[in-house]
Amino acid sequence: MPTAADGSVILGSYERFVFGYDLHLTNSDSGKGANEARGESSLTPAFACPAHLSSVRCVCVKGDIAASGGSDDTIRIFDLSSRRDLGVLTGHDGSVTCIDIHSRDDLPYLLASGGEDGAIHTWHVESFEKIRELKGHQGTVNGLALHSTGSLALSVGRDQTLKMWDLSKKGCTFTKRLPNAGEWISFDDSGSEFVVQSAQSVTLHTVDRGVLPRAELLHDRRVLCCTLEGSSRVYTGGEDKAISLWDFRSGKRAGSIGAAHSRRIKGLCVPTEGLLLSADSDGIVRLWD
């Protein structure tokens, strides 16, 4: 459940729709600091689009561009500033399971997608022309992350491997087998660290130290979603219906919200400093301060 720079929150659904919400932040006292000045915050429905022929598997937002991947093997592109549907990208032979977008000079530049066909496709955002197809995973690509340079990508798949890709040389440069299949992966804001979610754990890694984790965040139940707040905090949610907060540096649990939802938690994001959004499998979205 990512957010756009303009305060829009984008969600995908099992029922093929992509939903947009506007996030409203109300300042109670302009003379106070950012966290102290914020009053009540709220979400209001902005749009609903039947983006796919079947369920939405992933969504990603960068700047004014949003993209969704579906079980209909397609990627749908939206312009959030004008609320326009920009069209469809095709090429995967199976569901599109993960998307990431890289910005250059604060503008969306490169889109990468992974799918059930084991392939990763890269696209120019402005022209929506396909750049190349990368093959290496034996089975579904569960998650991928583009580095801040735009020249490097990491991916995790159902084949229990983590792969590093040199996008300029068009190939996989490194493969590491994992104890469990990775389900999500992301770089932190600095690009020097990355996070892998799999089964009942989330592992923290430093890029220049290889893929061995520097810390492991263990859970009692399966983790279904994870998000970062800059390079300081990690939030996790899943089958235990709770939200856990972890210190990114030490890897220690810093807090939790027990019974945050009545159903399993499927999505988390940080729309702005000090706020957290969560969504469950019933489609309930909650905003936490």
# chains A, B, ... in the order shown; residues from 1 in each chain; ligands from 1
>>> residues_around(residues="A:Ser68", least_positions_apart="3", cutoff="6 Å", atoms="only C-alpha atoms", output="VMD selection string")
chain A and resid 58 to 59 75 to 76
>>> write_last_selection(atoms="N, CA, C and O atoms", output="PDB file, in the first residue's frame")
ATOM      1  N   CYS A  58      -0.344  -6.189  -7.008  1.00  0.00           N
ATOM      2  CA  CYS A  58       0.637  -5.256  -6.455  1.00  0.00           C
ATOM      3  C   CYS A  58       0.345  -3.847  -6.954  1.00  0.00           C
ATOM      4  O   CYS A  58      -0.290  -3.657  -7.998  1.00  0.00           O
ATOM      5  N   VAL A  59       0.792  -2.851  -6.199  1.00  0.00           N
ATOM      6  CA  VAL A  59       0.701  -1.454  -6.601  1.00  0.00           C
ATOM      7  C   VAL A  59       1.994  -0.754  -6.207  1.00  0.00           C
ATOM      8  O   VAL A  59       2.675  -1.153  -5.265  1.00  0.00           O
ATOM      9  N   ILE A  75       0.040  -4.621 -16.604  1.00  0.00           N
ATOM     10  CA  ILE A  75       0.389  -3.509 -15.722  1.00  0.00           C
ATOM     11  C   ILE A  75      -0.434  -2.307 -16.177  1.00  0.00           C
ATOM     12  O   ILE A  75      -0.428  -1.948 -17.361  1.00  0.00           O
ATOM     13  N   ARG A  76      -1.139  -1.682 -15.250  1.00  0.00           N
ATOM     14  CA  ARG A  76      -1.939  -0.494 -15.556  1.00  0.00           C
ATOM     15  C   ARG A  76      -1.234   0.727 -14.979  1.00  0.00           C
ATOM     16  O   ARG A  76      -0.790   0.713 -13.839  1.00  0.00           O
TER      17      ARG A  76
END
>>> select_by_dssp(residues="stretch 42-268 of chain A", states="strand (DSSP E or B)", output="PyMOL selection string")
chain A and resi 42-50+56-62+65-70+75-79+84-89+96-104+107-115+119-124+130-135+141-146+152-157+161-166+171-177+184-187+193-198+201-206+215-218+223-229+233-238+243-247+253-257+265-268
>>> residues_around(residues="stretch 256-260 of chain A", least_positions_apart="6", cutoff="9 Å", atoms="only C-alpha atoms", output="PyMOL selection string")
chain A and resi 240-246+278+286
>>> residues_around(residues="stretch 138-153 of chain A", least_positions_apart="6", cutoff="7 Å", atoms="only C-alpha atoms", output="PyMOL selection string")
chain A and resi 97-100+102+114-118+159+164-168+182-187+191
>>> closest_residue(among="A:Thr227, A:Ser232, A:Ser127, A:Thr90", to="A:Gly267", atoms="only C-alpha atoms")
A:Thr227
>>> atom_distance(atom1="atom CA of A:Ser8", atom2="atom CA of A:Asp22")
4.6 Å
